[in-house]
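Student: One structure follows; several queries about it will come next.
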Amino acid sequence: MRVRFAPSPTGFLHVGNARTAVLNFLFKKKYNATYILRIEDTDMERSTKESEESILNDLKWLGIQWDEGPDCGGNYGPYRQSERFDIYREYTEKLLHGGHAYHCYCTQEELDAQRQKAAAANKPFVYPGTCRNLTLEQKKAFESQGRKPTVRFKVKDGITLSINDQIKGNVVFNSENIGGDFIIVRSDGVPVYNYIVIIDDTLMNVTHVIRGEDHLPNTPKQMLIAMALGLPVPVYAHMPLLLGPDRTKLSKRHGITSVAVYREQGYLPQALFNYLALLGWTLESGEEIVPVEKLVAEFELPKIGKSSAIFDFQKLKWMNSVYLRNLPFDKAFELFYPYIEKAYPTVSNNEWLTQVVDTVRGNCEIASDIVKEISIFFGDTAEFEEDAENMLATPEGKTIIQTAYELIHSTINESNYSTETLNTIKQKTGLKGKMLFMPFRAMVTGRLHGPELDKILPLLGYERFTKRIEYCHQRFVK
RNA sequence: GUCCCCGUCGUCUAGGGGUCUAGGACACCGGGUUUUCAUCCCGGCAACAGGGGUUCGAAUCCCCUCGGGGAUGCCA
């Protein structure tokens with residue numbers, strides 16, 4: 001069996017496409033299929049080499065390995081459509097000679113006008129077949145005007161196209177509803193996606209096409225071409241689309257859609273993979289955090305639900321936090337360090353930092369969170385969050401600040417501050433539990449949330465400790 | 001407009017005629033553990049889009065309505 005993932009290099013890898021890549025990968029693993037990576041770069045204006053590279057990188061980062069592709073070759077290459085034009089030209093000739101296609105001299109302006117007219121009349125636009133039976137003289141006349149023809153595929157009426165979709169079930173189209181003869185080669189000679197996918201899929205011996213549902217309405221066109229060319233049609237599986245919280249197609253305004261950005265923010269590839277893989281179905285056990293092998297073991301195309309799914313950024317984050325917490329310390333540290341280095345260029349990678357990261361890592365959902373979590377250890381005065389300020393302005397808050405202030409000017413010193421302060425304040429004020437710890441935490445870190453105070457204090461150091469108390473005394477008590 | 005797909009808690013889903021007073025997970029709320037945060041544990045909230053059939057019985061099958069999405073490109 002052979003599957004393929006066929007991105008067009010017109011931007012970063014989108015999570016929706018990443019999901020397609022992931023499910024294809026699950027399929028490959030499950031059935032020991034060959035995974036083909038094909039670059040669909042026939043949109044010459046928008047395709048870039050950089051996009052191609054970043055897409056390949058993101059796929060590798062996600063843990064997806066392919067067997068044939070532009071970077072590693074294979075027996076069915078080339079794997080970029082832009083390098084296969086000679087092949088397509090042959091087929092176009094065949095179609096032209098067989099009477100399945102013809103040159104069309106209609107201009108974009110003429111077609112646009114017809115489309116608008118149809119829209120104004122609330123009617124579907126169907127290409128009327130204007131150039132279907134042009135005489136040689138007529139063609140010459142157009143060409144002498146400087147018109148460059150497109151190639152159109154002839155769509156006969158009354159053909160029933162039935163797709164036995166592995167996810168959607170049996171889907172039936174009628175050739176009348178396709179919109180008439182459609183363009184397969186542009187006037188500049190570059191063939192169009194809907195035409196060459198089917199050629200490449202059959203030439204590359206793809207047995208299962210697993211792709212987004214947005215391609216479902218295009219499938220009958222592709223089948224028509226296959227029929228005209230006498231090519232076999234692969235098995236199809238059209239996956240439901242990913243939507244934003246407002247139920248429209250997932251886009252940037254909903255949140256992060258680019259895999260590269262998830263990587264930059266410190267998501268783990270395993271977590272993204274896991275989340276994407278399970279969007280649309282579940283294991284029998286209902287488990288959510290699942291290693292790839294287990295996913296593969298239970299994966300089956302028909303198990304995927306038919307309805308589109310809303311991308312839940314929150315759940316992804318939760319999933320990532322689980323993966324992050326389960327990481328052994330050295331792996332986690334490796335992951336955190338670049339963020340620390342960038343935010344605090346002067347900090348040195350020493351035992352102190354190791355301990356700081358260790359105490360704080362449990363509060364991180366994604367790796368880049370480390371910057372904020374760690375920030376409580378830097379600076380002579382803490383940066384106060386609003387709820388922490390409010391806490392310190394309460395009577396209990398002031399009492400604790402006042403008491404701490406008195407202590408650092410009397411019995412508390414460098415050698416005993418981290419072990420004695422809290423208990424001494426407790427004795428002196430009678431405050432305990434939340435009423436003791438929360439204001440104290442706010443005073444020392446500027447936050448209401450954070451790691452255990454017992455661990456924070458020795459790592460913070462006596463000097464900063466006292467400076468922060470002095471500051472709070474100044475600001476909230478005086 | 002036309003064609004196609006879809007419709008179970010806010011979200012992802014389990015469910016394929018009786019075992020469904022509809023199960024799990026995220027989120028949210030409450031409680032417990034932690035002298036404090038987070039974790040963890042326990043509990044709670046919350047859904048079969050609506051209407052007709054078929055049937056002894058319908059979340060499950062059929063039809064209609066409504067709602068959502070996609071396509072309708074010399075984009076992919």
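Note on naming: chains are A, B, ... as they come in the structure tokens, residues start from 1 per chain, ligands start from 1 in the order shown.
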Please return, as a list in words, all residues of chain A lying within 6 Å of chain B when only C-alpha atoms (C1' of nucleotides) are considered.

Tutor: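 Here they are: Asn122, Lys123, Pro124, Asn177, Arg186, Asp214, Pro217, Gly286, Ser307, Lys315, Asn363, Gly433, Lys434, Phe437, His449, Gly450 and Pro451 of chain A.
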
Student: I want to know what sits within 12 Å of A:Gln81, based on only C-alpha atoms (C1' of nucleotides), with residues of the same chain fewer than 3 positions away left out; could you give that as a ChimeraX atom specification?

Tutor: /A:6-9,37-44,47,69-70,76-78,84-88,190-193,195-197,199-201,204

Student: Using C-alpha atoms, can you write the selected residues to a file as a JSON list (two decimals), in the first residue's frame?

Tutor:
[["chain", "number", "residue", "atom", "x", "y", "z"],
["A", 6, "ALA", "CA", 1.06, 16.51, -0.88],
["A", 7, "PRO", "CA", 1.49, 20.01, 0.52],
["A", 8, "SER", "CA", 1.84, 23.08, -1.60],
["A", 9, "PRO", "CA", 4.77, 25.19, -0.49],
["A", 37, "LEU", "CA", 5.92, 13.26, 0.08],
["A", 38, "ARG", "CA", 4.97, 15.19, -3.02],
["A", 39, "ILE", "CA", 5.36, 18.91, -3.43],
["A", 40, "GLU", "CA", 2.48, 20.50, -5.30],
["A", 41, "ASP", "CA", 4.11, 23.65, -6.52],
["A", 42, "THR", "CA", 2.21, 24.50, -9.66],
["A", 43, "ASP", "CA", 1.13, 27.82, -8.25],
["A", 44, "MET", "CA", 4.30, 29.48, -9.44],
["A", 47, "SER", "CA", 5.29, 28.64, -4.12],
["A", 69, "GLY", "CA", 10.18, 12.54, -1.54],
["A", 70, "PRO", "CA", 12.05, 15.45, -3.09],
["A", 76, "TYR", "CA", 8.55, 7.29, -8.78],
["A", 77, "GLY", "CA", 10.14, 10.73, -8.95],
["A", 78, "PRO", "CA", 10.54, 13.50, -9.49],
["A", 84, "ARG", "CA", 7.08, 16.80, -13.97],
["A", 85, "PHE", "CA", 5.76, 19.10, -16.66],
["A", 86, "ASP", "CA", 6.98, 16.84, -19.47],
["A", 87, "ILE", "CA", 4.91, 14.01, -18.09],
["A", 88, "TYR", "CA", 1.78, 16.13, -17.89],
["A", 190, "VAL", "CA", 1.15, 25.23, -16.49],
["A", 191, "PRO", "CA", -1.29, 22.45, -15.65],
["A", 192, "VAL", "CA", -3.79, 22.81, -12.88],
["A", 193, "TYR", "CA", -4.02, 20.90, -9.60],
["A", 195, "TYR", "CA", -5.83, 17.65, -13.42],
["A", 196, "ILE", "CA", -2.41, 16.50, -12.34],
["A", 197, "VAL", "CA", -3.19, 15.12, -8.87],
["A", 199, "ILE", "CA", -2.04, 11.59, -12.83],
["A", 200, "ASP", "CA", 0.56, 11.76, -10.10],
["A", 201, "ASP", "CA", -1.44, 9.61, -7.74],
["A", 204, "MET", "CA", 3.17, 7.11, -8.15]]

Student: Applying 12 Å and only C-alpha atoms (C1' of nucleotides), which residues near A:Ala309 remain after dropping the ones on its own chain fewer than 5 positions away? List them as an MDAnalysis selection string.

Tutor: (chainID A and resid 16 19 213 239:250 276 278:281 304) or (chainID B and resid 6:7 11:13 68:69)

Student: Give the strand (DSSP E) residues of stretch 169-243 of chain A, as DSSP finds them on the backbone, and put them as a PyMOL selection string.

Tutor: chain A and resi 169-174+182-185+208-212+235-239+242-243

Student: Could you tell me, as a count of residues only, which residues of stretch 255-435 of chain A DSSP assigns to helix (DSSP H, G or I) when given the backbone?

Tutor: 112

Student: I want to know what sits within 12 Å of A:Lys60, based on only C-alpha atoms (C1' of nucleotides), with residues of the same chain fewer than 5 positions away left out; could you give that as a PyMOL selection string?

Tutor: chain A and resi 13+18+21-22+25+37+53-55+65-66+71+259-260+263+269-270+273

Student: Suppose we keep N, CA and C atoms; can you now write the selection as an mmCIF file, in the first residue's frame?

Tutor:
data_model
loop_
_atom_site.group_PDB
_atom_site.id
_atom_site.type_symbol
_atom_site.label_atom_id
_atom_site.label_comp_id
_atom_site.auth_asym_id
_atom_site.auth_seq_id
_atom_site.Cartn_x
_atom_site.Cartn_y
_atom_site.Cartn_z
ATOM 1 N N LEU A 13 3.642 25.132 7.430
ATOM 2 C CA LEU A 13 2.766 23.979 7.607
ATOM 3 C C LEU A 13 1.647 24.340 8.587
ATOM 4 N N ALA A 18 -1.088 19.395 8.887
ATOM 5 C CA ALA A 18 -0.270 18.529 9.733
ATOM 6 C C ALA A 18 -1.092 17.322 10.175
ATOM 7 N N ALA A 21 -1.128 14.915 7.464
ATOM 8 C CA ALA A 21 0.162 14.229 7.418
ATOM 9 C C ALA A 21 0.246 13.171 8.516
ATOM 10 N N VAL A 22 -0.258 13.507 9.691
ATOM 11 C CA VAL A 22 -0.224 12.594 10.834
ATOM 12 C C VAL A 22 -1.072 11.348 10.563
ATOM 13 N N PHE A 25 0.466 9.127 8.243
ATOM 14 C CA PHE A 25 1.580 8.439 8.895
ATOM 15 C C PHE A 25 1.093 7.260 9.737
ATOM 16 N N LEU A 37 6.084 11.824 -0.105
ATOM 17 C CA LEU A 37 5.922 13.259 0.084
ATOM 18 C C LEU A 37 6.042 13.926 -1.286
ATOM 19 N N GLU A 53 11.105 24.028 2.411
ATOM 20 C CA GLU A 53 12.057 23.634 3.450
ATOM 21 C C GLU A 53 11.420 23.635 4.828
ATOM 22 N N SER A 54 10.665 24.684 5.109
ATOM 23 C CA SER A 54 10.099 24.755 6.457
ATOM 24 C C SER A 54 9.045 23.676 6.673
ATOM 25 N N ILE A 55 8.320 23.360 5.615
ATOM 26 C CA ILE A 55 7.325 22.286 5.748
ATOM 27 C C ILE A 55 8.010 20.950 6.025
ATOM 28 N N GLN A 65 8.085 10.452 9.180
ATOM 29 C CA GLN A 65 9.135 10.067 8.253
ATOM 30 C C GLN A 65 8.488 9.569 6.968
ATOM 31 N N TRP A 66 9.047 9.978 5.844
ATOM 32 C CA TRP A 66 8.511 9.517 4.576
ATOM 33 C C TRP A 66 9.555 8.679 3.872
ATOM 34 N N ASP A 71 13.510 15.211 -1.158
ATOM 35 C CA ASP A 71 14.814 15.243 -0.497
ATOM 36 C C ASP A 71 15.520 13.893 -0.518
ATOM 37 N N VAL A 259 2.462 25.150 12.568
ATOM 38 C CA VAL A 259 3.233 24.186 13.356
ATOM 39 C C VAL A 259 4.543 24.808 13.830
ATOM 40 N N ALA A 260 5.142 25.620 12.978
ATOM 41 C CA ALA A 260 6.414 26.253 13.335
ATOM 42 C C ALA A 260 6.276 27.100 14.597
ATOM 43 N N ARG A 263 6.161 25.016 17.673
ATOM 44 C CA ARG A 263 7.516 24.593 18.006
ATOM 45 C C ARG A 263 8.264 25.710 18.720
ATOM 46 N N PRO A 269 6.722 17.962 20.191
ATOM 47 C CA PRO A 269 6.178 17.333 18.985
ATOM 48 C C PRO A 269 5.281 16.140 19.316
ATOM 49 N N GLN A 270 5.637 15.403 20.340
ATOM 50 C CA GLN A 270 4.818 14.241 20.726
ATOM 51 C C GLN A 270 3.413 14.669 21.131
ATOM 52 N N PHE A 273 1.481 15.872 18.014
ATOM 53 C CA PHE A 273 1.178 14.667 17.242
ATOM 54 C C PHE A 273 0.005 13.923 17.882
#

Student: Which residues are near A:Gln427? Cut-off 12 Å, only C-alpha atoms (C1' of nucleotides), ignore same chain within fewer than 6 positions. Put them as a PyMOL selection string.

Tutor: chain A and resi 400+403-404+420-421+436

Student: Could those residues be written to a file, using N, CA and C atoms, as an mmCIF file, in the first residue's frame?

Tutor:
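Now in selection07.cif:
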data_model
loop_
_atom_site.group_PDB
_atom_site.id
_atom_site.type_symbol
_atom_site.label_atom_id
_atom_site.label_comp_id
_atom_site.auth_asym_id
_atom_site.auth_seq_id
_atom_site.Cartn_x
_atom_site.Cartn_y
_atom_site.Cartn_z
ATOM 1 N N ILE A 400 1.942 41.097 57.663
ATOM 2 C CA ILE A 400 3.053 40.207 57.337
ATOM 3 C C ILE A 400 4.266 41.005 56.852
ATOM 4 N N THR A 403 5.833 42.631 59.894
ATOM 5 C CA THR A 403 6.536 41.661 60.734
ATOM 6 C C THR A 403 7.847 41.226 60.086
ATOM 7 N N ALA A 404 7.769 40.950 58.791
ATOM 8 C CA ALA A 404 8.972 40.530 58.081
ATOM 9 C C ALA A 404 10.017 41.638 58.120
ATOM 10 N N GLU A 420 13.671 30.113 58.991
ATOM 11 C CA GLU A 420 13.030 30.673 60.184
ATOM 12 C C GLU A 420 11.921 31.674 59.901
ATOM 13 N N THR A 421 12.070 32.442 58.837
ATOM 14 C CA THR A 421 11.183 33.586 58.652
ATOM 15 C C THR A 421 9.701 33.238 58.741
ATOM 16 N N LEU A 436 -1.270 33.069 55.739
ATOM 17 C CA LEU A 436 0.144 33.303 55.988
ATOM 18 C C LEU A 436 0.943 33.237 54.679
#
